[in-house]
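Structure data follow from target.txt (compact mmCIF, C-alpha atoms):
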```txt
# COMPACT_ATOMS: atom_id res chain seq x y z
CA MET A 1 -2.93 5.65 8.30
CA ALA A 2 -0.64 8.23 6.80
CA GLY A 3 -1.75 11.81 6.46
CA VAL A 4 -4.79 11.62 8.68
CA LEU A 5 -4.99 15.00 10.35
CA GLU A 6 -8.14 16.26 11.99
CA MET A 7 -10.33 15.35 9.05
CA PRO A 8 -13.97 16.36 9.51
CA PRO A 9 -16.65 13.82 8.59
CA ASP A 10 -17.61 13.61 4.93
CA ASP A 11 -20.84 15.60 5.08
CA VAL A 12 -19.05 18.53 6.76
CA LEU A 13 -16.15 18.26 4.34
CA VAL A 14 -18.37 18.28 1.29
CA GLN A 15 -20.42 21.22 2.53
CA GLN A 16 -17.30 23.25 3.29
CA LEU A 17 -15.87 22.51 -0.14
CA ARG A 18 -19.14 23.53 -1.79
CA ASP A 19 -19.06 26.73 0.27
CA GLY A 20 -15.60 27.42 -1.13
CA ASP A 21 -13.72 27.05 2.16
CA GLU A 22 -10.07 27.30 1.14
CA ARG A 23 -8.65 25.80 4.32
CA THR A 24 -10.73 22.68 3.83
CA PHE A 25 -9.58 22.39 0.25
CA ALA A 26 -5.95 22.80 1.34
CA LEU A 27 -6.49 20.11 3.98
CA VAL A 28 -7.77 17.44 1.59
CA LEU A 29 -5.26 18.50 -1.05
CA ASP A 30 -2.34 18.09 1.36
CA SER A 31 -3.66 14.92 2.97
CA TRP A 32 -4.46 12.96 -0.15
CA SER A 33 -2.18 14.19 -2.95
CA GLY A 34 0.83 12.11 -1.88
CA GLY A 35 -1.05 8.84 -1.94
CA MET A 36 -2.73 9.85 -5.18
CA LEU A 37 0.67 10.48 -6.72
CA ARG A 38 1.79 6.97 -5.86
CA VAL A 39 -1.33 5.42 -7.28
CA ALA A 40 -1.06 7.51 -10.45
CA MET A 41 2.56 6.33 -10.90
CA SER A 42 1.20 2.84 -11.41
CA PHE A 43 -0.59 3.82 -14.58
CA VAL A 44 1.68 6.39 -16.25
CA SER A 45 5.32 6.36 -17.22
CA THR A 46 6.81 9.44 -15.55
CA ARG A 47 6.48 11.33 -12.31
CA ASP A 48 5.57 14.49 -14.24
CA SER A 49 2.75 12.67 -15.90
CA ALA A 50 1.56 11.31 -12.54
CA GLU A 51 1.59 14.81 -11.11
CA GLU A 52 -0.47 16.06 -14.03
CA ALA A 53 -2.96 13.24 -13.49
CA VAL A 54 -3.28 14.30 -9.85
CA GLN A 55 -3.75 17.94 -10.88
CA ASP A 56 -6.38 17.03 -13.47
CA THR A 57 -8.16 14.99 -10.83
CA TRP A 58 -8.31 17.90 -8.39
CA LEU A 59 -9.56 20.22 -11.13
CA ALA A 60 -12.32 17.70 -11.87
CA VAL A 61 -13.09 17.51 -8.15
CA ILE A 62 -13.36 21.31 -7.91
CA LYS A 63 -15.76 21.39 -10.84
CA GLY A 64 -17.67 18.31 -9.83
CA ILE A 65 -18.04 18.63 -6.07
CA GLY A 66 -21.58 19.97 -6.59
CA ASP A 67 -22.52 16.66 -8.24
CA PHE A 68 -21.06 14.41 -5.54
CA GLU A 69 -23.94 12.28 -4.31
CA GLY A 70 -22.34 10.66 -1.31
CA ARG A 71 -22.82 7.09 -2.51
CA SER A 72 -19.21 6.35 -1.60
CA SER A 73 -16.87 8.20 0.73
CA LEU A 74 -15.51 11.47 -0.64
CA LYS A 75 -12.02 10.01 -0.75
CA THR A 76 -13.14 6.97 -2.70
CA TRP A 77 -14.94 9.25 -5.15
CA VAL A 78 -11.75 11.30 -5.61
CA TYR A 79 -9.71 8.13 -6.10
CA ARG A 80 -12.14 6.83 -8.73
CA ILE A 81 -11.64 10.02 -10.71
CA LEU A 82 -7.89 9.64 -10.25
CA VAL A 83 -7.79 6.03 -11.45
CA ASN A 84 -9.84 6.90 -14.53
CA THR A 85 -7.73 9.97 -15.29
CA ALA A 86 -4.44 8.13 -14.82
CA LYS A 87 -5.65 5.13 -16.84
CA ALA A 88 -6.64 7.38 -19.74
CA ARG A 89 -3.20 8.99 -19.64
CA GLY A 90 -1.50 5.62 -19.46
CA THR A 91 -3.40 4.44 -22.53
CA LYS A 92 -2.18 7.49 -24.45
CA GLU A 93 1.35 6.68 -23.33
CA SER A 94 0.71 3.02 -24.25
CA ARG A 95 1.35 2.01 -20.72
CA THR A 96 -1.78 0.34 -19.53
CA VAL A 97 -1.88 -1.83 -16.48
CA PRO A 98 -4.92 -4.06 -16.86
CA PHE A 99 -5.68 -5.86 -13.65
CA GLY A 100 -8.01 -8.60 -14.85
CA ASP A 101 -5.65 -11.57 -15.00
CA LEU A 102 -2.49 -12.43 -13.16
CA LEU A 103 0.82 -12.45 -15.00
CA ALA A 104 3.00 -15.55 -14.87
CA GLU A 105 5.59 -13.80 -12.68
CA GLU A 106 2.91 -12.87 -10.16
CA GLU A 107 2.15 -16.48 -9.35
CA GLY A 108 4.36 -19.03 -7.67
CA PRO A 109 6.00 -18.97 -4.26
CA THR A 110 6.71 -15.66 -2.51
CA VAL A 111 9.45 -17.14 -0.35
CA ASP A 112 12.48 -18.69 -2.05
CA PRO A 113 11.81 -22.47 -2.14
CA ALA A 114 15.49 -22.99 -1.28
CA ARG A 115 14.67 -21.82 2.25
CA PHE A 116 12.59 -24.94 2.84
CA ARG A 117 13.62 -28.58 3.11
CA GLY A 118 13.27 -30.33 -0.23
CA ARG A 119 10.90 -33.12 -1.14
CA GLY A 120 12.16 -36.47 0.10
CA GLU A 121 14.06 -34.95 3.03
CA PRO A 122 12.75 -35.43 6.56
CA TYR A 123 10.35 -32.59 7.40
CA ALA A 124 9.97 -31.67 3.74
CA GLY A 125 8.39 -28.24 3.31
CA HIS A 126 9.59 -27.01 6.72
CA TRP A 127 12.16 -24.25 7.14
CA ALA A 128 15.65 -25.53 6.32
CA VAL A 129 18.35 -25.17 8.97
CA GLY A 130 19.84 -21.66 8.87
CA GLN A 131 17.13 -20.48 6.46
CA GLU A 132 14.46 -19.64 9.03
CA PRO A 133 13.09 -16.09 9.19
CA ARG A 134 15.91 -14.07 10.75
CA PRO A 135 14.83 -12.45 14.00
CA TRP A 136 14.93 -8.70 13.75
CA HIS A 137 14.84 -5.96 16.28
CA PHE A 138 12.58 -3.09 15.42
CA PRO A 139 14.24 0.19 16.42
CA GLU A 140 12.43 2.33 18.98
CA ASP A 141 14.53 5.31 18.13
CA HIS A 142 12.68 7.92 16.10
CA VAL A 143 15.44 8.52 13.57
CA LEU A 144 16.13 4.83 13.02
CA ARG A 145 12.43 4.12 12.56
CA GLY A 146 12.44 6.79 9.90
CA GLU A 147 15.23 4.89 8.17
CA VAL A 148 13.17 1.71 8.25
CA ARG A 149 10.30 3.59 6.63
CA GLY A 150 12.77 4.79 4.00
CA VAL A 151 13.69 1.17 3.24
CA ILE A 152 10.01 0.35 2.76
CA GLU A 153 9.44 3.43 0.64
CA ASP A 154 12.32 2.50 -1.68
CA ALA A 155 11.10 -1.07 -1.84
CA ILE A 156 7.59 0.06 -2.83
CA ASP A 157 9.03 2.32 -5.54
CA GLY A 158 10.92 -0.68 -6.88
CA LEU A 159 7.87 -2.96 -7.09
CA PRO A 160 6.27 -3.82 -10.43
CA PRO A 161 3.40 -1.36 -11.08
CA ARG A 162 0.50 -3.69 -10.27
CA LEU A 163 1.99 -4.80 -6.98
CA ARG A 164 2.79 -1.20 -6.13
CA THR A 165 -0.76 -0.08 -6.83
CA VAL A 166 -2.38 -2.73 -4.67
CA ILE A 167 -0.06 -2.36 -1.67
CA THR A 168 -0.30 1.44 -1.86
CA LEU A 169 -4.07 1.34 -1.73
CA ARG A 170 -4.34 -1.37 0.90
CA ASP A 171 -1.42 -0.75 3.27
CA VAL A 172 -0.37 2.87 2.75
CA GLU A 173 -3.81 4.37 2.13
CA GLY A 174 -5.68 1.89 4.27
CA TYR A 175 -8.43 0.92 1.82
CA GLY A 176 -10.34 -2.30 2.41
CA SER A 177 -10.28 -5.22 0.03
CA GLU A 178 -13.70 -4.49 -1.48
CA GLU A 179 -12.91 -0.88 -2.33
CA VAL A 180 -9.63 -1.84 -3.97
CA CYS A 181 -11.31 -4.56 -6.03
CA SER A 182 -13.92 -2.13 -7.27
CA LEU A 183 -11.40 0.67 -7.97
CA LEU A 184 -9.15 -1.63 -9.98
CA GLU A 185 -11.79 -3.99 -11.37
CA ILE A 186 -9.99 -7.03 -10.04
CA SER A 187 -11.25 -10.17 -8.29
CA PRO A 188 -10.73 -10.48 -4.52
CA GLY A 189 -8.54 -13.56 -5.03
CA ASN A 190 -6.22 -11.89 -7.54
CA GLN A 191 -6.06 -8.78 -5.40
CA ARG A 192 -4.85 -10.89 -2.46
CA VAL A 193 -2.24 -12.63 -4.61
CA LEU A 194 -0.78 -9.26 -5.66
CA LEU A 195 -0.98 -7.85 -2.13
CA HIS A 196 0.61 -10.91 -0.59
CA ARG A 197 3.48 -10.90 -3.09
CA ALA A 198 4.12 -7.21 -2.46
CA ARG A 199 4.07 -7.65 1.32
CA ALA A 200 6.35 -10.68 1.17
CA LEU A 201 8.85 -8.71 -0.92
CA LEU A 202 8.82 -5.85 1.59
CA ARG A 203 9.23 -8.24 4.52
CA GLY A 204 12.24 -9.73 2.72
CA LYS A 205 13.80 -6.26 2.32
CA LEU A 206 13.27 -5.53 6.01
CA GLU A 207 14.76 -8.89 6.97
CA THR A 208 17.89 -8.08 4.99
CA TYR A 209 18.06 -4.53 6.29
CA LEU A 210 17.27 -5.13 9.95
CA SER A 211 19.46 -8.18 10.38
CA GLY A 212 22.38 -6.14 9.00
CA ALA A 213 21.40 -3.02 10.94
CA HIS A 214 24.03 -3.52 13.66
CA GLU A 215 26.90 -3.04 11.25
CA GLY A 216 25.03 -0.05 9.84
CA ALA A 217 24.72 1.51 13.28
CA ILE A 218 28.43 1.05 13.96
CA GLY A 219 29.22 2.54 10.56
CA ARG A 220 27.08 5.57 11.32
CA GLY A 221 28.66 5.95 14.73
CA GLN A 222 32.09 6.26 13.17
CA ALA A 223 31.04 8.63 10.45
CA MET B 224 0.33 -27.88 7.17
CA ASN B 225 3.95 -27.28 6.15
CA CYS B 226 5.87 -24.02 6.51
CA ASP B 227 6.05 -23.47 2.76
CA GLU B 228 2.24 -23.56 2.57
CA PHE B 229 1.84 -21.40 5.68
CA VAL B 230 3.92 -18.52 4.32
CA GLU B 231 1.66 -18.28 1.26
CA LEU B 232 -1.56 -18.07 3.26
CA VAL B 233 -0.67 -15.21 5.60
CA THR B 234 -2.51 -12.46 3.71
CA ASP B 235 -5.59 -14.67 3.25
CA PHE B 236 -5.50 -15.38 6.97
CA LEU B 237 -5.18 -11.70 7.91
CA ASP B 238 -8.01 -10.79 5.51
CA GLY B 239 -10.19 -13.48 7.07
CA SER B 240 -10.68 -15.17 3.73
CA LEU B 241 -9.42 -18.68 4.48
CA SER B 242 -11.99 -21.47 4.52
CA GLU B 243 -12.85 -22.67 7.99
CA GLU B 244 -10.86 -25.84 7.41
CA ASP B 245 -7.77 -24.01 6.15
CA GLU B 246 -7.98 -21.53 8.98
CA GLN B 247 -7.92 -24.38 11.49
CA ARG B 248 -4.92 -25.94 9.75
CA PHE B 249 -3.22 -22.51 9.65
CA VAL B 250 -3.78 -21.84 13.34
CA GLY B 251 -2.76 -25.40 14.19
CA HIS B 252 0.55 -24.92 12.43
CA LEU B 253 1.03 -21.51 14.02
CA ALA B 254 0.68 -23.03 17.48
CA GLU B 255 3.39 -25.61 16.78
CA CYS B 256 5.95 -23.71 14.73
CA SER B 257 7.81 -20.80 16.32
CA LYS B 258 9.52 -19.98 13.03
CA CYS B 259 6.24 -19.43 11.26
CA GLU B 260 4.98 -17.52 14.28
CA LEU B 261 7.97 -15.21 13.76
CA TYR B 262 7.20 -15.00 10.04
CA LEU B 263 3.62 -13.93 10.74
CA ASP B 264 4.80 -11.42 13.32
CA GLN B 265 7.30 -9.90 10.90
CA PHE B 266 4.60 -9.76 8.24
CA ARG B 267 2.39 -7.80 10.62
CA GLN B 268 5.23 -5.42 11.49
CA THR B 269 5.88 -4.88 7.79
CA ILE B 270 2.22 -4.00 7.20
CA ALA B 271 2.15 -1.68 10.24
CA THR B 272 5.30 0.16 9.14
CA THR B 273 3.98 0.53 5.59
CA GLY B 274 0.93 2.17 7.14
CA GLU B 275 3.17 4.78 8.78
CA LEU B 276 4.52 6.10 5.49
CA THR B 277 3.96 9.76 4.92
CA PRO B 278 3.26 10.01 1.25
CA GLU B 279 5.42 12.46 -0.67
CA SER B 280 3.40 15.22 -2.14
CA ILE B 281 2.85 17.26 -5.24
CA SER B 282 5.14 20.19 -6.03
CA ASP B 283 4.57 23.61 -4.50
CA ASP B 284 3.81 24.94 -7.98
CA ALA B 285 1.04 22.43 -8.52
CA ARG B 286 -0.31 23.07 -5.04
CA GLY B 287 -0.42 26.82 -5.65
CA LEU B 288 -2.09 26.37 -9.00
CA LEU B 289 -4.81 24.18 -7.50
CA LEU B 290 -5.48 26.54 -4.60
CA THR B 291 -5.86 29.35 -7.12
CA ALA B 292 -8.17 27.22 -9.25
CA PHE B 293 -10.31 26.51 -6.19
CA ARG B 294 -10.47 30.21 -5.31
CA ASP B 295 -11.39 31.19 -8.88
CA TRP B 296 -14.08 28.53 -9.06
CA ARG B 297 -15.64 29.89 -5.88
CA ARG B 298 -15.80 33.40 -7.36
CA SER B 299 -17.28 32.29 -10.67
```
Could you render the structure as structure tokens?
Amino acid sequence: MAGVLEMPPDDVLVQQLRDGDERTFALVLDSWSGGMLRVAMSFVSTRDSAEEAVQDTWLAVIKGIGDFEGRSSLKTWVYRILVNTAKARGTKESRTVPFGDLLAEEEGPTVDPARFRGRGEPYAGHWAVGQEPRPWHFPEDHVLRGEVRGVIEDAIDGLPPRLRTVITLRDVEGYGSEEVCSLLEISPGNQRVLLHRARALLRGKLETYLSGAHEGAIGRGQA
Amino acid sequence: MNCDEFVELVTDFLDGSLSEEDEQRFVGHLAECSKCELYLDQFRQTIATTGELTPESISDDARGLLLTAFRDWRRS
């Protein structure tokens, strides 16, 4: 997953933080703040506010590290503080994102029904001719792969907040389903609905981007 | 199983949360339909690439402030 440098095991990490080891603090700060920023963005209205939520979280971590009991991983503990801090901010800004129930727009098909053969046609429900998933070629080239990541990054930024939160935790940060459900107080089923919708939207963006990538490459060559 | 059902079950399948019966139907369809096999493959590539994202980070100002706060806390 992103940002995983040589991270010592939790017990070592916690001890070094308690001992006031600045390099260790810088390591966790640099490794986790980016992901935390994304998660915070789901609950508050501006990037500045998200950054303040992340700062407040780290200040609480500095003060509270002595009380950390190791019942979850250190990172999960930090993320719990973050979610609570960002939620409290979001409430003040009247921008709460309750996760309990699904919204109407979060249900329904994640692939355009027009891409499948209609009811009453032969092979109803199968991919319609010319509407199948378009084969794509994943670039090997370092720079081009970076561009593909850029497409995904933009697509995540454009997701509705709840979808963004779930995919960030699961697929960017690499949390398991159980941890995400407990962080967000959401049922496993609803969590999967949100995650699946977010992934399907990203796949769609990549399909569009990568199947048009040839023209893009020629365009870049001429520029 | 039809393709339009298959595409909605991919995340459940990858999470291992399909019922045994649905998983058999899912795998049965996968074996017969190269288009859905491609869909699943692209879904996996999407997830893998998302996992490669390097998160942007907080501003240098905020970083400096927090490092100072950590240092001060250690001295207090």
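The shell of residues at most 12 Å from Leu288 (chain B), with all atoms listed in the file counted and near chain neighbours (fewer than 3 positions) removed, consists of Ala26, Leu29, Glu52, Gln55, Asp56, Trp58 and Leu59 of chain A; Ile281, Ser282, Asp283, Asp284, Ala285, Thr291, Ala292, Phe293, Arg294 and Asp295 of chain B.
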Next on the checklist: Show me, as a PyMOL selection string, the residues that have an atom within 10 Å of Arg80 (chain A) when counting all atoms listed in the file, minus same-chain residues fewer than 5 positions from it.
Outcome noted: chain A and resi 57+74-75+85-86+182-184
Checklist entry - Any idea which chain B residues end up within 8 Å of chain A if we count all atoms listed in the file, as a PyMOL selection string please? => result chain B and resi 225-228+230-231+233-235+258-259+261-262+265-266+269-281+285-286+289-290+292-294+296-297
Item to check | Using only C-alpha atoms: which of B:Glu244, B:Met224, B:Val250, B:Leu237 has the shortest distance to Arg267 (chain B) | outcome: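 Closest to Arg267 (chain B), using only C-alpha atoms: B:Leu237.
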Checklist entry - What does the distance from CA of Leu232 (chain B) to CA of Ala254 (chain B) come to in Å, to one decimal? => result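 CA of Ala254 (chain B) lies at a distance of 15.2 Å from CA of Leu232 (chain B).
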Checklist entry - Expressed in Å to a single decimal, how great is the separation between CA of Glu260 (chain B) and CA of Phe229 (chain B)? => result 9.9 Å
Find the smallest box with edges along x, y and z containing every listed atom of region 294-299 of chain B, then add 8 Å on each side and report centre and edge lengths in Å to one decimal, as AutoDock Vina command-line options.
```
--center_x -13.9 --center_y 31.0 --center_z -8.0 --size_x 22.8 --size_y 20.9 --size_z 21.4
```
Item to check | Pick from A:Ala88, A:Leu194, A:Ala155, A:Leu13, whichever lies nearest to Leu169 (chain A) using all atoms listed in the file | outcome: A:Leu194
Next on the checklist: Using Å and a single decimal, report how far CA of Leu82 (chain A) sits from CA of Val166 (chain A).
Outcome noted: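 It comes out at 14.6 Å.
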Item to check | Residues within 7 Å of (2.2, 0.5, -13.7), file coords, only C-alpha atoms, listed as a count of residues only | outcome: 8
